[in-house]
Amino acid sequence: MPTPDPAALPLVVGIGGTIGGVSSTERSLRIALDAAAAQGFRTQLFGGADMARLPLYDPRATSRTPEEQAFVAAVRAASAVIIASPGYHGSISGVVKNALDLLEETARDERPYLSDMPVGLIATAYGWQATGSTIAALRSIVHALRGWPTPFAAAINTQITKFDEEGRASDAAVMEQLSLIGRQVARFAPLAAEAKRMQE
């Protein structure tokens with residue numbers, strides 16, 4: 001039986017992290033993406049270092065940087081998205097919000113924004129309060145972008161849960177929660193892919 005072309009596999013794009021090194025947010029996102037990959041999807045991660053290279057979004061700009069173009073192209077090609085944000089002052093971080101603002105470039109597409117796409121959500125914070133409000137903010141943003149938040153979202157209290165250098169969480173229940181997000185986007189992504197084919 002021929003091996004499938006990896007480029008032909010449906011794509012799950014991960015967006016999340018912080019500036020200044022690999023964070024618990026980005027490690028959480030990688031675990032969820034790995035779970036989607038285990039279901040037969042290819043994945044692409046835009047972590048903190050990638051988002052740091054995106055200029056502050058200017059809707060009046062007449063051109064986009066190569067980094068902006070690559071980010072928008074990846075989301076356009078995606079069948080599902082996973083967004084992970086640290087909870088900063090009770091809401092999502094500026095770099096994650098700036099990346100999502102850039103999706104305004106897709107406003108006139110056949111499939112604008114995150115339309116018809118399952119979107120997994122992850123929030124990390126040093127305490128429980130900010131995890132809940134950050135998940136709520138992410139859900140509101142995904143609804144505004146016409147996406148479908150998956151039924152389960154992961155709220156991770158980094159006071160309790162730690163990540164090692166291999167990217168694994170100290171709490172097995174958190175590992176399972178993050179993997180569940182990857183499996184859920186994989187489960188619903190074929191519906192998004194079919195909707196995209198119908199529009200082409």
# chains A, B, ... in the order shown; residues from 1 in each chain; ligands from 1
call {"tool": "residues_around", "arguments": {"residues": "Asn157 (chain A)", "least_positions_apart": "4", "cutoff": "9 Å", "atoms": "only C-alpha atoms", "output": "list of chain:residue names"}}
result
A:Ala123, A:Thr124, A:Ala125, A:Tyr126, A:Gly127, A:Trp128, A:Ala130, A:Thr131, A:Thr161, A:Lys162
call {"tool": "residues_around", "arguments": {"residues": "Met51 (chain A)", "least_positions_apart": "2", "cutoff": "12 Å", "atoms": "only C-alpha atoms", "output": "PyMOL selection string"}}
result
chain A and resi 14-21+26+45-49+53-57+67-68+70-72+85+93-102
call {"tool": "write_last_selection", "arguments": {"atoms": "C-alpha atoms", "output": "PDB file, in the first residue's frame"}}
result
ATOM      1  CA  GLY A  14      -1.329  25.777  16.290  1.00  0.00           C
ATOM      2  CA  ILE A  15      -1.119  29.407  17.403  1.00  0.00           C
ATOM      3  CA  GLY A  16       0.292  30.261  20.807  1.00  0.00           C
ATOM      4  CA  GLY A  17       3.154  30.888  23.147  1.00  0.00           C
ATOM      5  CA  THR A  18       4.997  33.799  24.690  1.00  0.00           C
ATOM      6  CA  ILE A  19       7.941  35.960  23.727  1.00  0.00           C
ATOM      7  CA  GLY A  20      11.226  35.011  25.366  1.00  0.00           C
ATOM      8  CA  GLY A  21      11.658  31.269  25.033  1.00  0.00           C
ATOM      9  CA  GLU A  26       3.760  26.565  23.851  1.00  0.00           C
ATOM     10  CA  LEU A  45       3.081  25.541  14.925  1.00  0.00           C
ATOM     11  CA  PHE A  46       3.311  29.320  15.181  1.00  0.00           C
ATOM     12  CA  GLY A  47       4.905  29.739  18.587  1.00  0.00           C
ATOM     13  CA  GLY A  48       6.072  32.739  20.561  1.00  0.00           C
ATOM     14  CA  ALA A  49       9.169  33.336  18.423  1.00  0.00           C
ATOM     15  CA  ARG A  53       8.197  38.464  14.199  1.00  0.00           C
ATOM     16  CA  LEU A  54       4.721  39.655  13.202  1.00  0.00           C
ATOM     17  CA  PRO A  55       4.534  43.455  13.162  1.00  0.00           C
ATOM     18  CA  LEU A  56       1.700  45.170  14.979  1.00  0.00           C
ATOM     19  CA  TYR A  57      -1.282  44.667  12.701  1.00  0.00           C
ATOM     20  CA  GLU A  67       6.106  36.255   8.078  1.00  0.00           C
ATOM     21  CA  GLU A  68       2.610  37.725   7.887  1.00  0.00           C
ATOM     22  CA  ALA A  70       3.174  32.694   5.792  1.00  0.00           C
ATOM     23  CA  PHE A  71       0.897  32.886   8.817  1.00  0.00           C
ATOM     24  CA  VAL A  72      -2.182  33.832   6.797  1.00  0.00           C
ATOM     25  CA  SER A  85      -2.689  31.814  25.246  1.00  0.00           C
ATOM     26  CA  SER A  93      -1.800  38.022  25.510  1.00  0.00           C
ATOM     27  CA  GLY A  94      -1.020  40.826  23.094  1.00  0.00           C
ATOM     28  CA  VAL A  95       1.049  38.659  20.735  1.00  0.00           C
ATOM     29  CA  VAL A  96      -1.745  36.094  20.382  1.00  0.00           C
ATOM     30  CA  LYS A  97      -4.321  38.833  19.817  1.00  0.00           C
ATOM     31  CA  ASN A  98      -2.082  40.498  17.221  1.00  0.00           C
ATOM     32  CA  ALA A  99      -1.750  37.217  15.309  1.00  0.00           C
ATOM     33  CA  LEU A 100      -5.524  36.726  15.342  1.00  0.00           C
ATOM     34  CA  ASP A 101      -6.045  40.330  14.206  1.00  0.00           C
ATOM     35  CA  LEU A 102      -3.998  39.483  11.110  1.00  0.00           C
TER      36      LEU A 102
END
call {"tool": "select_by_dssp", "arguments": {"residues": "region 2-171 of chain A", "states": "strand (DSSP E)", "output": "mmCIF file with C-alpha atoms, in the first residue's frame"}}
result
data_model
loop_
_atom_site.group_PDB
_atom_site.id
_atom_site.type_symbol
_atom_site.label_atom_id
_atom_site.label_comp_id
_atom_site.auth_asym_id
_atom_site.auth_seq_id
_atom_site.Cartn_x
_atom_site.Cartn_y
_atom_site.Cartn_z
ATOM 1 C CA LEU A 11 -3.544 20.550 8.302
ATOM 2 C CA VAL A 12 -3.997 21.586 11.927
ATOM 3 C CA VAL A 13 -2.397 24.956 12.732
ATOM 4 C CA GLY A 14 -1.329 25.777 16.290
ATOM 5 C CA ILE A 15 -1.119 29.407 17.403
ATOM 6 C CA GLY A 16 0.292 30.261 20.807
ATOM 7 C CA ARG A 42 -0.018 17.236 9.582
ATOM 8 C CA THR A 43 0.574 20.129 11.941
ATOM 9 C CA GLN A 44 2.200 23.534 11.835
ATOM 10 C CA LEU A 45 3.081 25.541 14.925
ATOM 11 C CA PHE A 46 3.311 29.320 15.181
ATOM 12 C CA ALA A 80 -8.556 23.058 12.119
ATOM 13 C CA VAL A 81 -6.794 25.439 14.497
ATOM 14 C CA ILE A 82 -5.658 25.205 18.117
ATOM 15 C CA ILE A 83 -5.072 28.473 19.976
ATOM 16 C CA ALA A 84 -3.133 28.630 23.238
ATOM 17 C CA SER A 85 -2.689 31.814 25.246
ATOM 18 C CA PRO A 86 -1.268 32.719 28.608
ATOM 19 C CA PRO A 118 -13.051 23.482 14.686
ATOM 20 C CA VAL A 119 -10.869 25.478 17.060
ATOM 21 C CA GLY A 120 -9.324 23.980 20.193
ATOM 22 C CA LEU A 121 -8.602 26.352 23.075
ATOM 23 C CA ILE A 122 -5.920 26.282 25.774
ATOM 24 C CA ALA A 123 -5.260 28.833 28.518
ATOM 25 C CA THR A 124 -2.356 28.809 30.950
ATOM 26 C CA ALA A 125 -2.024 31.088 33.945
ATOM 27 C CA TRP A 148 -16.462 26.408 16.153
ATOM 28 C CA PRO A 149 -14.814 26.124 19.576
ATOM 29 C CA THR A 150 -14.487 22.436 20.431
ATOM 30 C CA PRO A 151 -16.605 21.198 23.350
ATOM 31 C CA PHE A 152 -13.590 20.849 25.643
ATOM 32 C CA ALA A 153 -11.072 23.590 26.461
ATOM 33 C CA ALA A 154 -8.007 23.132 28.670
ATOM 34 C CA ALA A 155 -7.378 25.512 31.565
ATOM 35 C CA ILE A 156 -3.938 24.916 33.069
ATOM 36 C CA ASN A 157 -2.832 26.365 36.387
#
call {"tool": "atom_distance", "arguments": {"atom1": "CA of Glu165 (chain A)", "atom2": "CA of Ser133 (chain A)"}}
result
28.0 Å
call {"tool": "atom_distance", "arguments": {"atom1": "CA of Ala37 (chain A)", "atom2": "CA of Pro190 (chain A)"}}
result
14.0 Å
call {"tool": "select_by_dssp", "arguments": {"residues": "chain A", "states": "helix (DSSP H, G or I)", "output": "PyMOL selection string"}}
result
chain A and resi 6-8+24-38+48-52+66-77+94-106+128-144+172-199
call {"tool": "residues_around", "arguments": {"residues": "Arg146 (chain A)", "least_positions_apart": "3", "cutoff": "6 Å", "atoms": "only C-alpha atoms", "output": "mmCIF file with all heavy atoms, in the first residue's frame"}}
result
data_model
loop_
_atom_site.group_PDB
_atom_site.id
_atom_site.type_symbol
_atom_site.label_atom_id
_atom_site.label_comp_id
_atom_site.auth_asym_id
_atom_site.auth_seq_id
_atom_site.Cartn_x
_atom_site.Cartn_y
_atom_site.Cartn_z
ATOM 1 N N LEU A 114 -12.131 32.112 10.399
ATOM 2 C CA LEU A 114 -12.054 30.708 10.810
ATOM 3 C C LEU A 114 -13.363 29.982 10.504
ATOM 4 O O LEU A 114 -13.706 28.992 11.165
ATOM 5 C CB LEU A 114 -11.744 30.606 12.314
ATOM 6 C CG LEU A 114 -10.441 31.259 12.783
ATOM 7 C CD1 LEU A 114 -10.303 31.166 14.300
ATOM 8 C CD2 LEU A 114 -9.223 30.638 12.100
ATOM 9 N N SER A 115 -14.057 30.431 9.499
ATOM 10 C CA SER A 115 -15.371 29.864 9.173
ATOM 11 C C SER A 115 -15.297 28.354 9.007
ATOM 12 O O SER A 115 -14.409 27.835 8.329
ATOM 13 C CB SER A 115 -15.900 30.483 7.874
ATOM 14 O OG SER A 115 -16.231 31.838 8.061
ATOM 15 N N HIS A 143 -15.830 32.782 18.162
ATOM 16 C CA HIS A 143 -17.191 32.991 17.656
ATOM 17 C C HIS A 143 -17.236 34.180 16.696
ATOM 18 O O HIS A 143 -17.879 34.118 15.641
ATOM 19 C CB HIS A 143 -18.153 33.228 18.820
ATOM 20 C CG HIS A 143 -18.498 31.988 19.568
ATOM 21 N ND1 HIS A 143 -18.709 31.964 20.935
ATOM 22 C CD2 HIS A 143 -18.676 30.709 19.153
ATOM 23 C CE1 HIS A 143 -19.003 30.740 21.314
ATOM 24 N NE2 HIS A 143 -18.983 29.961 20.261
#
call {"tool": "atom_distance", "arguments": {"atom1": "CA of Ser91 (chain A)", "atom2": "CA of Asp164 (chain A)"}}
result
25.4 Å
